[in-house]
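Step one of this worksheet: look at the structure below.
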Amino acid sequence: MSSTIWSVDDHLEDILAAVRPLDPIELQLPDAQGCVLVEDVTVPVALPPFDNSSMDGYAVRVADVAGASEEFPAVLTVIGDVAAGSGGLPTVGPGQAARIMTGAPLPPGAQAVVPVEWTDGGAGGGAVTTMRPAGEAPEGASGEVRVHRPAEERAHVRARGGDVQAGDLALPAGTVLGPPQIGLLAAIGRGTVRVRPRPRVVVLSTGSELVQPGEPLAEGQIYDSNSFALAAAARDAGAISYRVGAVTDDAETLRATIEDQLIRADLLVTTGGVSVGAYDVVKEALASVGDEDVPGSGIDFRKLAMQPGKPQGFGSIGPEHTPLLALPGNPVSSYVSFELFVRPAIRRLMGLPDVHRPRARAELVADKALTSPDGRRQFLRGAYEEEKGRVAPVGGAGSHLVAALAHADCLIVVPETVTSVEPGTDVEVVLLG
C-alpha cells in the first residue's frame, strides 16, 4: 500500500500512461458500430452513381413541356417505364415521355422530370396525385400523358456525384462509427472497415453481504447495485461489458474468479474491498499478483485526495498485463471513481483523442454554503440547467446515496483548497449526460 496521498490528476495520468489503444482489426459493418476508424476511407464510386429522379413522374425533354398549362397541357407519348434498378433504358425523343420512379436512372434524351402531380397520370382528365400501377399503364392509359406545367432543365434530377464524388474523403481516421457513418460506408460499397475494437470490460463486485436483484434479502444483506451500474456505465462509454455478480469475501475465490475472467478482458474493474478494513478482500487477493521480472506490474493500492473515492487501486494482472482498476465499494464512490478513472481508460483503449467528459461553469444554486474537507477535491452530485447556466446539488455528501445519484446529471467539483462554497459562486461541473 502506497503511503503517498495521490492527487486525482496524478492518479488519472498514471492510468492513462499505462493504458494503450487496442490493436486495430478488420470488422464487418454491423460489428464496427461504436468503434473508432483507424484509416481514411475514400469514395470508390460517386454517389449517386448516375443521374436519377427525385420524384415519381415522367422523364421529359424541356422543349416538349415549354408553355404547358392547365388549359393547354402538353400531350406526350409514353414510351415505357423506368423503375429504380432499371437497365436497358428507353431513349426519350421529341414528343415523348417515360414514366419514372424515384431513384430510377434518368433515361437518355430526357432533360428533366415532371412530378406526377403536374400530369393527368396518363388517365385523361385533370391532375392526379399518385402514379397508376405498372400493370395498368401505359397500355391501359392510351399511351399518352398530359403535362400541365413546364419544367426547367434538370428539374427533379439528382446529379451523379451530387452527394460525394469518387476519390473524396468519406470518413477520416479517428471517426467514431455511428448509424449515419455505417450507412455511408454501406452506400459506397464498403463491407468491412479497419477499426479499434470496442474494449471488453469485466466488472466484478465483491462482498459476502451482496445479493442479486430479484432474490430475497436476509438480515444484514443488501442488493448488488454496483456491478449493474458499472457494467451499464462501461457500455455507455463504448465498451462491451461483462458483469460478474458478487464474489464472496474470500481472497482465494476472488483471485480464481479474476484469473478466470482474464480470457475475455481488456480491462478489469473490481468494486469493494480496497480500504483499510479487516475484510478488504481485493487488497488481500491482489497483493502478490505482480510479475517480479516486470517493473510496475501488480496492483498498487492508494489513498487519493478526493471525496468520495479516497481508496483506489490500479495496476496490471496476468500474462497479458491486463489493466485492473480497483474501486471502492460504496455505490456513489464507485460510480464517481468510474467516471473519473475507468471511463477515460475505456476511451483510451478505443483510441479516442478526447477521453474526458465535457465540463462547464455554472452558478451554484443552494440554500446554504457547501462545505468540503480541506486538501480533498470533492465531487458532489448535481442537477445542471444549461439554459440558465445554473447547477444545484442533489442529495447529501454521503457516499451511499444511490437515489440522489439517479437524479443527478453532473458532478460539482470543489477544489482541494476550498472548504466552503457560497450560493451564487461560479463552480466547475462535469457533465454526465
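If you're wondering about the labels, chains in the C-alpha cells are A, B, ... by order shown, residues count from 1 in each chain, ligands from 1 in order shown.
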
Excluding Arg347 in chain A and residues on its chain fewer than 6 positions from it, collect all residues at most 9 Å away from it, counting only C-alpha atoms, and give them as a count of residues only.
9

Using the chain letters and numbers from this document, which residues of range 109-322 of chain A does DSSP assign to strand (DSSP E or B), as a PyMOL selection string?
chain A and resi 112-115+119+144-147+157-158+164+169-171+176+192-196+200-206+210-211+222-223+240-247+267-271+298-304+306-307+311-317+322

Between A:Ala32, A:Val414, A:Val78, A:Leu304, which one has atoms that come closest to Gly191 in chain A, using only C-alpha atoms?
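Using only C-alpha atoms, the shortest distance to Gly191 in chain A belongs to A:Ala32.
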
Straight-line distance linking CA of Val365 in chain A with CA of Ala406 in chain A, stated in Å to one decimal:
19.3 Å

Residues within 7 Å of range 26-29 of chain A, please, as a list in words. Count only C-alpha atoms; anything in the same chain fewer than 2 positions from it doesn't count.
Asp31, Ala32, Gln33, Ile182, Gly191, Thr192, Val193, Arg194 and Val195 of chain A

Those selected residues, please, written with N, CA and C atoms and delivered as a short mmCIF file (atom, residue, chain, number, x, y, z; two decimals), in the first residue's frame.
data_model
loop_
_atom_site.label_atom_id
_atom_site.label_comp_id
_atom_site.auth_asym_id
_atom_site.auth_seq_id
_atom_site.Cartn_x
_atom_site.Cartn_y
_atom_site.Cartn_z
N ASP A 31 -20.64 -5.09 -36.92
CA ASP A 31 -19.80 -5.26 -35.73
C ASP A 31 -18.94 -4.03 -35.44
N ALA A 32 -18.86 -3.12 -36.40
CA ALA A 32 -17.99 -1.95 -36.25
C ALA A 32 -18.69 -0.76 -35.61
N GLN A 33 -19.98 -0.88 -35.36
CA GLN A 33 -20.71 0.23 -34.74
C GLN A 33 -20.11 0.58 -33.38
N ILE A 182 -22.08 4.28 -40.57
CA ILE A 182 -22.25 2.90 -41.05
C ILE A 182 -23.03 2.92 -42.37
N GLY A 191 -17.85 -3.26 -47.18
CA GLY A 191 -18.45 -4.29 -46.33
C GLY A 191 -17.72 -4.46 -45.02
N THR A 192 -16.43 -4.10 -45.00
CA THR A 192 -15.64 -4.19 -43.78
C THR A 192 -14.81 -2.92 -43.62
N VAL A 193 -14.41 -2.65 -42.40
CA VAL A 193 -13.55 -1.49 -42.11
C VAL A 193 -12.52 -1.86 -41.06
N ARG A 194 -11.42 -1.11 -41.07
CA ARG A 194 -10.36 -1.34 -40.09
C ARG A 194 -10.57 -0.38 -38.92
N VAL A 195 -10.78 -0.94 -37.75
CA VAL A 195 -11.12 -0.14 -36.57
C VAL A 195 -10.39 -0.67 -35.34
#

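Neighbouring residues of Val116 in chain A at 10 Å or closer, counting only C-alpha atoms and skipping chain neighbours under 4 positions away, are A:Met55, A:Asp56, A:Gly57, A:Tyr58, A:Arg99, A:Ile100, A:Met101, A:Asp120, A:Gly121, A:Gly122, A:Ala127, A:Val128, A:Thr129, A:Thr130, A:Met131, A:Arg132, A:Val145, A:Val147.
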
Between A:Val269, A:Leu76, A:Ala17, A:Val202, which has the minimum distance to Gly124 in chain A (counting only C-alpha atoms)?
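For Gly124 in chain A, the nearest of the given residues is A:Leu76.
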
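Rounded to one decimal, CA of Pro415 in chain A and CA of Met306 in chain A lie 9.3 Å from each other.
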
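Among the candidates A:Asp40, A:Asp10, A:Glu117, A:Glu152, the one nearest to Ala63 in chain A when counting only C-alpha atoms is A:Glu152.
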
Pick the closest to Asn330 in chain A from A:Glu219, A:Asp224, A:Asp14, A:Glu71: which is it, counting only C-alpha atoms?
A:Asp224

Point-to-point distance from CA of Leu268 in chain A to CA of Val176 in chain A, Å rounded to tenths:
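Those two atoms sit 23.4 Å apart.
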
Minimum-distance residue to Ala166 in chain A, chosen among A:Arg343, A:Arg196, A:Ala234, A:Gly189 (using only C-alpha atoms)
A:Gly189

Between A:Asp409, A:Leu327, A:Gly424, A:Gly313, which one has atoms that come closest to Asp367 in chain A, using only C-alpha atoms?
A:Gly424

Skip range 377-394 of chain A itself and residues of its chain fewer than 5 positions away, then list as a ChimeraX atom specification all residues within 9 Å of it, counting only C-alpha atoms.
/A:7-8,305-308,336,360-366,370,372,404-405,407-418,424,426-427,429,431

The selected residues should be written to file as a compact mmCIF listing (two decimals), in the first residue's frame (atoms: N, CA, C and O atoms).
# COMPACT_ATOMS: atom_id res chain seq x y z
N SER A 7 -2.89 12.86 -5.89
CA SER A 7 -3.92 13.77 -6.40
C SER A 7 -4.75 13.03 -7.45
O SER A 7 -4.29 12.02 -8.02
N VAL A 8 -5.96 13.52 -7.68
CA VAL A 8 -6.83 12.94 -8.71
C VAL A 8 -6.14 12.96 -10.07
O VAL A 8 -6.13 11.97 -10.81
N ALA A 305 -6.50 12.19 -2.73
CA ALA A 305 -7.00 13.41 -2.11
C ALA A 305 -8.33 13.79 -2.76
O ALA A 305 -8.44 14.80 -3.45
N MET A 306 -9.34 12.94 -2.54
CA MET A 306 -10.66 13.20 -3.12
C MET A 306 -11.74 12.66 -2.20
O MET A 306 -11.49 11.83 -1.33
N GLN A 307 -12.94 13.18 -2.39
CA GLN A 307 -14.12 12.68 -1.67
C GLN A 307 -15.32 12.77 -2.60
O GLN A 307 -15.54 13.83 -3.18
N PRO A 308 -16.10 11.71 -2.80
CA PRO A 308 -15.86 10.36 -2.30
C PRO A 308 -14.79 9.64 -3.15
O PRO A 308 -14.41 10.14 -4.20
N VAL A 336 -18.54 7.54 -9.00
CA VAL A 336 -17.71 8.73 -9.24
C VAL A 336 -16.31 8.29 -9.69
O VAL A 336 -15.74 8.85 -10.62
N ALA A 360 -18.22 22.33 -17.74
CA ALA A 360 -18.82 23.66 -17.92
C ALA A 360 -18.68 24.43 -16.62
O ALA A 360 -18.33 23.87 -15.57
N ARG A 361 -18.93 25.74 -16.70
CA ARG A 361 -19.00 26.57 -15.49
C ARG A 361 -20.47 26.90 -15.25
O ARG A 361 -21.24 27.10 -16.19
N ALA A 362 -20.87 26.93 -13.99
CA ALA A 362 -22.28 27.20 -13.67
C ALA A 362 -22.36 27.90 -12.32
O ALA A 362 -21.48 27.77 -11.46
N GLU A 363 -23.44 28.65 -12.15
CA GLU A 363 -23.69 29.34 -10.87
C GLU A 363 -24.34 28.37 -9.90
O GLU A 363 -25.31 27.69 -10.23
N LEU A 364 -23.79 28.28 -8.69
CA LEU A 364 -24.32 27.36 -7.68
C LEU A 364 -25.62 27.90 -7.09
O LEU A 364 -25.68 29.04 -6.62
N VAL A 365 -26.66 27.07 -7.14
CA VAL A 365 -27.94 27.40 -6.52
C VAL A 365 -28.11 26.47 -5.32
O VAL A 365 -28.17 25.25 -5.48
N ALA A 366 -28.12 27.03 -4.10
CA ALA A 366 -28.23 26.20 -2.90
C ALA A 366 -28.82 27.04 -1.77
O ALA A 366 -28.77 28.28 -1.80
N LEU A 370 -21.95 25.19 0.63
CA LEU A 370 -21.49 23.79 0.60
C LEU A 370 -20.15 23.71 1.32
O LEU A 370 -19.27 24.55 1.09
N SER A 372 -16.62 21.49 2.29
CA SER A 372 -15.77 20.48 1.67
C SER A 372 -14.51 20.34 2.52
O SER A 372 -14.00 21.33 3.05
N ALA A 404 -30.01 9.70 -4.83
CA ALA A 404 -29.58 11.03 -5.28
C ALA A 404 -28.79 10.92 -6.58
O ALA A 404 -28.93 11.74 -7.49
N LEU A 405 -27.96 9.89 -6.68
CA LEU A 405 -27.15 9.70 -7.89
C LEU A 405 -28.04 9.54 -9.12
O LEU A 405 -27.73 10.04 -10.20
N HIS A 407 -30.74 10.89 -9.78
CA HIS A 407 -31.36 12.15 -10.21
C HIS A 407 -30.35 13.21 -10.59
O HIS A 407 -30.71 14.34 -10.87
N ALA A 408 -29.08 12.84 -10.58
CA ALA A 408 -28.02 13.80 -10.93
C ALA A 408 -27.62 13.65 -12.40
O ALA A 408 -27.67 12.55 -12.94
N ASP A 409 -27.23 14.76 -13.02
CA ASP A 409 -26.72 14.67 -14.40
C ASP A 409 -25.35 15.33 -14.53
O ASP A 409 -24.84 15.53 -15.62
N CYS A 410 -24.75 15.65 -13.38
CA CYS A 410 -23.41 16.22 -13.40
C CYS A 410 -22.76 16.04 -12.04
O CYS A 410 -23.41 15.65 -11.06
N LEU A 411 -21.46 16.30 -12.00
CA LEU A 411 -20.72 16.34 -10.74
C LEU A 411 -20.23 17.77 -10.51
O LEU A 411 -19.67 18.38 -11.43
N ILE A 412 -20.49 18.30 -9.33
CA ILE A 412 -19.99 19.62 -8.96
C ILE A 412 -18.59 19.43 -8.36
O ILE A 412 -18.42 18.64 -7.44
N VAL A 413 -17.61 20.13 -8.90
CA VAL A 413 -16.23 19.96 -8.45
C VAL A 413 -15.86 21.07 -7.46
O VAL A 413 -15.95 22.26 -7.80
N VAL A 414 -15.45 20.67 -6.25
CA VAL A 414 -14.96 21.64 -5.27
C VAL A 414 -13.46 21.40 -5.11
O VAL A 414 -13.05 20.31 -4.69
N PRO A 415 -12.62 22.38 -5.47
CA PRO A 415 -11.16 22.16 -5.44
C PRO A 415 -10.63 21.86 -4.04
O PRO A 415 -11.27 22.14 -3.03
N GLU A 416 -9.41 21.29 -4.03
CA GLU A 416 -8.77 20.86 -2.78
C GLU A 416 -8.60 22.00 -1.79
O GLU A 416 -8.65 21.79 -0.57
N THR A 417 -8.37 23.21 -2.26
CA THR A 417 -8.07 24.34 -1.38
C THR A 417 -9.31 25.08 -0.90
O THR A 417 -9.21 26.04 -0.14
N VAL A 418 -10.49 24.65 -1.34
CA VAL A 418 -11.74 25.34 -0.99
C VAL A 418 -12.50 24.52 0.04
O VAL A 418 -12.73 23.33 -0.17
N GLY A 424 -24.43 31.15 -5.38
CA GLY A 424 -24.11 32.21 -6.33
C GLY A 424 -22.69 32.15 -6.86
O GLY A 424 -22.34 32.86 -7.81
N ASP A 426 -19.47 30.77 -8.88
CA ASP A 426 -19.24 30.10 -10.16
C ASP A 426 -18.43 28.83 -9.89
O ASP A 426 -17.34 28.90 -9.33
N VAL A 427 -18.99 27.65 -10.25
CA VAL A 427 -18.31 26.38 -9.98
C VAL A 427 -18.13 25.58 -11.27
O VAL A 427 -18.80 25.83 -12.27
N VAL A 429 -18.46 22.10 -13.34
CA VAL A 429 -19.29 20.89 -13.33
C VAL A 429 -18.81 19.93 -14.43
O VAL A 429 -18.40 20.37 -15.52
N LEU A 431 -20.13 17.16 -16.85
CA LEU A 431 -21.45 16.78 -17.39
C LEU A 431 -21.48 15.27 -17.65
O LEU A 431 -20.64 14.75 -18.38

Write out as a ChimeraX atom specification each polymer residue whose atoms come within 12 Å of Asn52 in chain A, counting only C-alpha atoms; drop sequence neighbours fewer than 4 positions from it.
/A:47-48,56-59,82-86,100-108,110-113,154-162

Using only C-alpha atoms, which protein or nucleic acid residues come within 10 Å of Val164 in chain A? Drop anything in the same chain fewer than 4 positions from it, and give the result as a VMD selection string.
chain A and resid 42 to 49 160 168 to 170 188
